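For reference, the structure is listed below as structure tokens.
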There are 2 protein chains.
Amino acid sequence: MNGGGSGPVLNALDRLVVLLSKLPGIGRKSAGRMAYHILESDPNYARTLAEQLQTLHSAIRRCSICGSFTEADPCPICTDPNRDSLTICVVERAQDVRVIEESREFRGRFHVLGGLIAPLEGIGPDKLAIGDLLNRVRRDGVKEVILAMNPTVEGDTTALYLQRQLKDSGAEVTRLASGLPVGGDLEYADRLTLSRSFRGRMKL
Amino acid sequence: MNGGGSGPVLNALDRLVVLLSKLPGIGRKSAGRMAYHILESDPNYARTLAEQLQTLHSAIRRCSICGSFTEADPCPICTDPNRDSLTICVVERAQDVRVIEESREFRGRFHVLGGLIAPLEGIGPDKLAIGDLLNRVRRDGVKEVILAMNPTVEGDTTALYLQRQLKDSGAEVTRLASGLPVGGDLEYADRLTLSRSFRGRMKL
């Protein structure tokens with residue numbers, strides 16, 4: 001039935017809604033709003049978006065050095081002579097590279113692990129790009145490894161594991177500070193965040 | 001500039017993010033998350049989505065009777081003999097048809113206005129499918145016209161205008177109840193909603 005989307009006969013609009021609702025953070029309502037927006041927009045928009053999606057997987061690959069997504073391999077960050085090759089920021093996923101790049105806070109290189117250690121889900125260190133990291137650190141004589149995984153149980157576990165693995169590598173191992181978010185309110189901070197912000201307090 | 005998206009050289013991933021962030025309710029962060037999700041998913045997903053987008057505008061048109069989006073013209077709702085053709089629900093936009101259909105609350109036909117009267121934006125009654133509605137009501141001898149526009153200034157203006165236009169049509173004109181949302185809390189209701197829920201109070 002047209003517009004319903006719950007009947008067995010799906011029309012082109014319903015099929016688009018179903019596909020869009022598979023995207024992260026997009027429920028059925030948002031997917032519907034998006035589909036109607038596309039339908040009411042200039043058809044050129046849908047065409048350009050379709051072309052971009054068609055070519056995405058052939059245009060983008062993983063950088064063979066750092067594991068981030070790139071058109072050219074090695075990626076522009078790994079080949080940029082103006083970036084500090086002796087400082088490596090280790091992140092969980094390729095999209096974390098984008099987030100950190102947008103902050104313009106870091107001018108070194110990256111290393112994408114491709115996940116976090118999660119024994120309950122069967123993800124051990126061997127499933128992650130940890131061997132590559134250790135090789136890079138030793139081969140290039142890296143001075144500092146900044147661990148930038150999220151402050152979660154898996155992030156903490158992975159950070160601890162990497163810290164141990166890198167102990168004798170000669171590189172200093174640091175981790176991003178965890179604590180109250182800027183603009184946040186003590187009253188709304190959870191106990192763990194508060195506890196971390198105490199432990200990480202800094203002298204003024 | 002890989003991953004930055006703010007530099008002048010956009011790669012395939014950045015271009016996808018820019019396109020996705022034009023969708024309603026999708027900011028740069030969500031668009032980034034969506035793009036990476038697509039990149040990390042089975043390429044078949046991107047391909048299917050691309051195909052759906054390519055064919056969308058040729059597959060879907062507006063129903064010549066009610067104005068909703070459909071593959072077949074007239075749409076399945078307008079041609080469904082099991083639906084009450086003497087009750088018309090008038091909505092602002094085609095996507096409102098979907099919302100109401102999903103509630104399974106209404107078994108009549110629809111009429112899409114294509115907007116609301118908004119003098120400040122230069123949208124007068126002549127820009128909307130109001131003439132078509134009046135013709136339908138008279139021609140088919142419609143018994144009830146349910147006005148289902150949102151309870152906003154423009155929705156109220158349009159409802160008032162339609163009510164006047166339909167006065168001598170023989171059809172009863174009703175409007176969706178406005179008041180406290182189910183599960184809502186008096187404490188968080190705004191003054192106007194509260195005022196409407198008083199005016200629309202019902203005898204138990």
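A note on labels: chains of the structure tokens are A, B, ... as shown, every chain counts residues from 1, and ligands are counted from 1 in their shown order.
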Strand (DSSP E or B) residues, from DSSP on the backbone, in stretch 120-158 of chain A, as a list of chain:residue names: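 Answer for stretch 120-158 of chain A restricted to strand (DSSP E or B) is A:Ile123, A:Glu144, A:Val145, A:Ile146, A:Leu147.
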Find the spatial neighbours of stretch 130-144 of chain B, counting only C-alpha atoms, within a cut-off of 10 Å - ignore same-chain residues fewer than 2 positions away - and output them as a PyMOL selection string. chain B and resi 64-67+84-90+108+110-114+125-128+146-147+158+161-162+165-166+168-174
Using only C-alpha atoms, find each residue of chain A with at least one atom at most 9 Å away from an atom of chain B; report its shortest atom-to-atom pair and that distance in Å (one decimal), sort the rows by chain and rising residue number, and return the result as a Markdown table.
```
| residue | atom | partner | partner_atom | distance |
| --- | --- | --- | --- | --- |
| A:Met1 | CA | B:Pro76 | CA | 6.5 |
| A:Asn2 | CA | B:Pro76 | CA | 6.0 |
| A:Gly3 | CA | B:Arg98 | CA | 4.4 |
| A:Gly4 | CA | B:Glu101 | CA | 5.4 |
| A:Gly5 | CA | B:Glu102 | CA | 7.9 |
| A:Ser6 | CA | B:Glu102 | CA | 7.8 |
| A:Asn11 | CA | B:Glu71 | CA | 6.7 |
| A:Ala12 | CA | B:Leu56 | CA | 6.2 |
| A:Leu13 | CA | B:Leu56 | CA | 7.0 |
| A:Arg15 | CA | B:Gln52 | CA | 7.5 |
| A:Leu16 | CA | B:Gln52 | CA | 6.1 |
| A:Leu19 | CA | B:Leu49 | CA | 6.5 |
| A:Leu20 | CA | B:Leu49 | CA | 7.9 |
| A:Leu23 | CA | B:Met34 | CA | 6.0 |
| A:Pro24 | CA | B:Met34 | CA | 6.1 |
| A:Gly25 | CA | B:Ser30 | CA | 7.8 |
| A:Lys29 | CA | B:Val99 | CA | 8.6 |
| A:Ser30 | CA | B:Gly25 | CA | 7.8 |
| A:Gly32 | CA | B:Gln95 | CA | 7.6 |
| A:Arg33 | CA | B:Pro24 | CA | 7.1 |
| A:Met34 | CA | B:Leu23 | CA | 6.0 |
| A:Ala35 | CA | B:Leu23 | CA | 8.9 |
| A:Tyr36 | CA | B:Gln95 | CA | 6.5 |
| A:His37 | CA | B:Leu23 | CA | 7.1 |
| A:Ile38 | CA | B:Leu23 | CA | 7.7 |
| A:Leu39 | CA | B:His57 | CA | 6.5 |
| A:Pro43 | CA | B:His57 | CA | 6.5 |
| A:Tyr45 | CA | B:Leu19 | CA | 8.0 |
| A:Ala46 | CA | B:Leu53 | CA | 5.5 |
| A:Arg47 | CA | B:Gln54 | CA | 5.6 |
| A:Thr48 | CA | B:Leu19 | CA | 8.2 |
| A:Leu49 | CA | B:Leu19 | CA | 6.5 |
| A:Ala50 | CA | B:Ala50 | CA | 4.1 |
| A:Glu51 | CA | B:Ala50 | CA | 6.8 |
| A:Gln52 | CA | B:Leu16 | CA | 6.1 |
| A:Leu53 | CA | B:Ala46 | CA | 5.5 |
| A:Gln54 | CA | B:Arg47 | CA | 5.6 |
| A:Thr55 | CA | B:Ala12 | CA | 7.9 |
| A:Leu56 | CA | B:Ala12 | CA | 6.2 |
| A:His57 | CA | B:Pro43 | CA | 6.5 |
| A:Ala59 | CA | B:Ala12 | CA | 6.5 |
| A:Ile60 | CA | B:Ala12 | CA | 6.9 |
| A:Ser68 | CA | B:Gly3 | CA | 8.6 |
| A:Phe69 | CA | B:Gly3 | CA | 7.9 |
| A:Thr70 | CA | B:Asn2 | CA | 6.6 |
| A:Glu71 | CA | B:Asn11 | CA | 6.7 |
| A:Cys75 | CA | B:Asn2 | CA | 7.1 |
| A:Pro76 | CA | B:Asn2 | CA | 6.0 |
| A:Ile77 | CA | B:Asn2 | CA | 6.7 |
| A:Ala94 | CA | B:Tyr36 | CA | 8.0 |
| A:Gln95 | CA | B:Tyr36 | CA | 6.5 |
| A:Val97 | CA | B:Gly3 | CA | 6.5 |
| A:Arg98 | CA | B:Gly3 | CA | 4.4 |
| A:Val99 | CA | B:Gly3 | CA | 8.0 |
| A:Ile100 | CA | B:Gly4 | CA | 8.7 |
| A:Glu101 | CA | B:Gly4 | CA | 5.5 |
| A:Glu102 | CA | B:Gly4 | CA | 5.6 |
| A:Arg104 | CA | B:Gly4 | CA | 8.8 |
```
A:Thr193 surroundings by only C-alpha atoms, 8 Å radius, close-in-sequence under 3 positions cut, as a PyMOL selection string: chain A and resi 178-180+189-190+196-197
Among stretch 21-188 of chain A, which ones does DSSP place in alpha helix (DSSP H), written as a ChimeraX atom specification? /A:28-40,43-59,76-79,94-103,130-140,153-165
Take the residues from that selection and put them in a file with C-alpha atoms, as a PDB file, in the first residue's frame.
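So the final result, stored in out-v5.pdb, reads:
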```pdb
ATOM      1  CA  ARG A  28      12.325   5.121  10.100  1.00  0.00           C
ATOM      2  CA  LYS A  29      11.032   8.662  10.623  1.00  0.00           C
ATOM      3  CA  SER A  30      14.310  10.325   9.708  1.00  0.00           C
ATOM      4  CA  ALA A  31      14.694   8.016   6.724  1.00  0.00           C
ATOM      5  CA  GLY A  32      11.214   8.997   5.558  1.00  0.00           C
ATOM      6  CA  ARG A  33      11.993  12.680   5.928  1.00  0.00           C
ATOM      7  CA  MET A  34      15.234  12.213   4.005  1.00  0.00           C
ATOM      8  CA  ALA A  35      13.558  10.263   1.187  1.00  0.00           C
ATOM      9  CA  TYR A  36      10.833  12.865   0.721  1.00  0.00           C
ATOM     10  CA  HIS A  37      13.416  15.620   0.809  1.00  0.00           C
ATOM     11  CA  ILE A  38      15.354  13.899  -1.972  1.00  0.00           C
ATOM     12  CA  LEU A  39      12.167  13.387  -3.961  1.00  0.00           C
ATOM     13  CA  GLU A  40      11.204  17.046  -3.652  1.00  0.00           C
ATOM     14  CA  PRO A  43      16.757  15.385  -9.466  1.00  0.00           C
ATOM     15  CA  ASN A  44      20.391  16.409  -9.970  1.00  0.00           C
ATOM     16  CA  TYR A  45      20.961  15.999  -6.265  1.00  0.00           C
ATOM     17  CA  ALA A  46      19.782  12.375  -6.297  1.00  0.00           C
ATOM     18  CA  ARG A  47      21.862  11.722  -9.430  1.00  0.00           C
ATOM     19  CA  THR A  48      25.053  13.220  -7.970  1.00  0.00           C
ATOM     20  CA  LEU A  49      24.563  11.351  -4.707  1.00  0.00           C
ATOM     21  CA  ALA A  50      23.994   8.112  -6.626  1.00  0.00           C
ATOM     22  CA  GLU A  51      27.175   8.626  -8.674  1.00  0.00           C
ATOM     23  CA  GLN A  52      29.157   9.345  -5.550  1.00  0.00           C
ATOM     24  CA  LEU A  53      27.883   6.149  -3.953  1.00  0.00           C
ATOM     25  CA  GLN A  54      28.604   4.126  -7.112  1.00  0.00           C
ATOM     26  CA  THR A  55      32.254   5.135  -7.199  1.00  0.00           C
ATOM     27  CA  LEU A  56      32.927   5.322  -3.462  1.00  0.00           C
ATOM     28  CA  HIS A  57      34.307   1.850  -2.941  1.00  0.00           C
ATOM     29  CA  SER A  58      36.522   1.950  -6.011  1.00  0.00           C
ATOM     30  CA  ALA A  59      37.818   5.468  -5.287  1.00  0.00           C
ATOM     31  CA  PRO A  76      48.294  12.491   2.101  1.00  0.00           C
ATOM     32  CA  ILE A  77      48.877  12.531   5.860  1.00  0.00           C
ATOM     33  CA  CYS A  78      51.510   9.775   5.743  1.00  0.00           C
ATOM     34  CA  THR A  79      53.327  11.491   2.850  1.00  0.00           C
ATOM     35  CA  ALA A  94      39.319   5.504  10.345  1.00  0.00           C
ATOM     36  CA  GLN A  95      36.636   8.113  11.015  1.00  0.00           C
ATOM     37  CA  ASP A  96      38.449   9.124  14.195  1.00  0.00           C
ATOM     38  CA  VAL A  97      41.195  10.478  11.918  1.00  0.00           C
ATOM     39  CA  ARG A  98      38.671  12.884  10.414  1.00  0.00           C
ATOM     40  CA  VAL A  99      37.445  14.030  13.818  1.00  0.00           C
ATOM     41  CA  ILE A 100      40.973  14.739  15.039  1.00  0.00           C
ATOM     42  CA  GLU A 101      41.970  16.415  11.766  1.00  0.00           C
ATOM     43  CA  GLU A 102      38.990  18.739  12.055  1.00  0.00           C
ATOM     44  CA  SER A 103      40.138  19.830  15.501  1.00  0.00           C
ATOM     45  CA  ILE A 130      48.802  -3.763  16.523  1.00  0.00           C
ATOM     46  CA  GLY A 131      51.720  -5.639  14.957  1.00  0.00           C
ATOM     47  CA  ASP A 132      51.930  -2.986  12.233  1.00  0.00           C
ATOM     48  CA  LEU A 133      51.990  -0.291  14.896  1.00  0.00           C
ATOM     49  CA  LEU A 134      54.848  -1.918  16.816  1.00  0.00           C
ATOM     50  CA  ASN A 135      56.800  -2.318  13.562  1.00  0.00           C
ATOM     51  CA  ARG A 136      56.226   1.322  12.627  1.00  0.00           C
ATOM     52  CA  VAL A 137      57.312   2.562  16.055  1.00  0.00           C
ATOM     53  CA  ARG A 138      60.537   0.527  16.010  1.00  0.00           C
ATOM     54  CA  ARG A 139      61.396   1.029  12.345  1.00  0.00           C
ATOM     55  CA  ASP A 140      60.848   4.818  12.326  1.00  0.00           C
ATOM     56  CA  VAL A 153      36.111  -0.298  29.044  1.00  0.00           C
ATOM     57  CA  GLU A 154      37.359  -1.553  25.666  1.00  0.00           C
ATOM     58  CA  GLY A 155      39.322   1.632  25.092  1.00  0.00           C
ATOM     59  CA  ASP A 156      40.985   1.311  28.508  1.00  0.00           C
ATOM     60  CA  THR A 157      41.805  -2.361  27.954  1.00  0.00           C
ATOM     61  CA  THR A 158      43.334  -1.643  24.558  1.00  0.00           C
ATOM     62  CA  ALA A 159      45.303   1.321  25.883  1.00  0.00           C
ATOM     63  CA  LEU A 160      46.709  -0.800  28.715  1.00  0.00           C
ATOM     64  CA  TYR A 161      47.679  -3.563  26.302  1.00  0.00           C
ATOM     65  CA  LEU A 162      49.405  -1.138  23.927  1.00  0.00           C
ATOM     66  CA  GLN A 163      51.189   0.579  26.796  1.00  0.00           C
ATOM     67  CA  ARG A 164      52.700  -2.781  27.809  1.00  0.00           C
ATOM     68  CA  GLN A 165      53.613  -3.730  24.256  1.00  0.00           C
TER      69      GLN A 165
END
```
Rounded to one decimal place, report the atom CA of B:Leu194-atom CA of B:Ala148 distance in Å. 19.3 Å
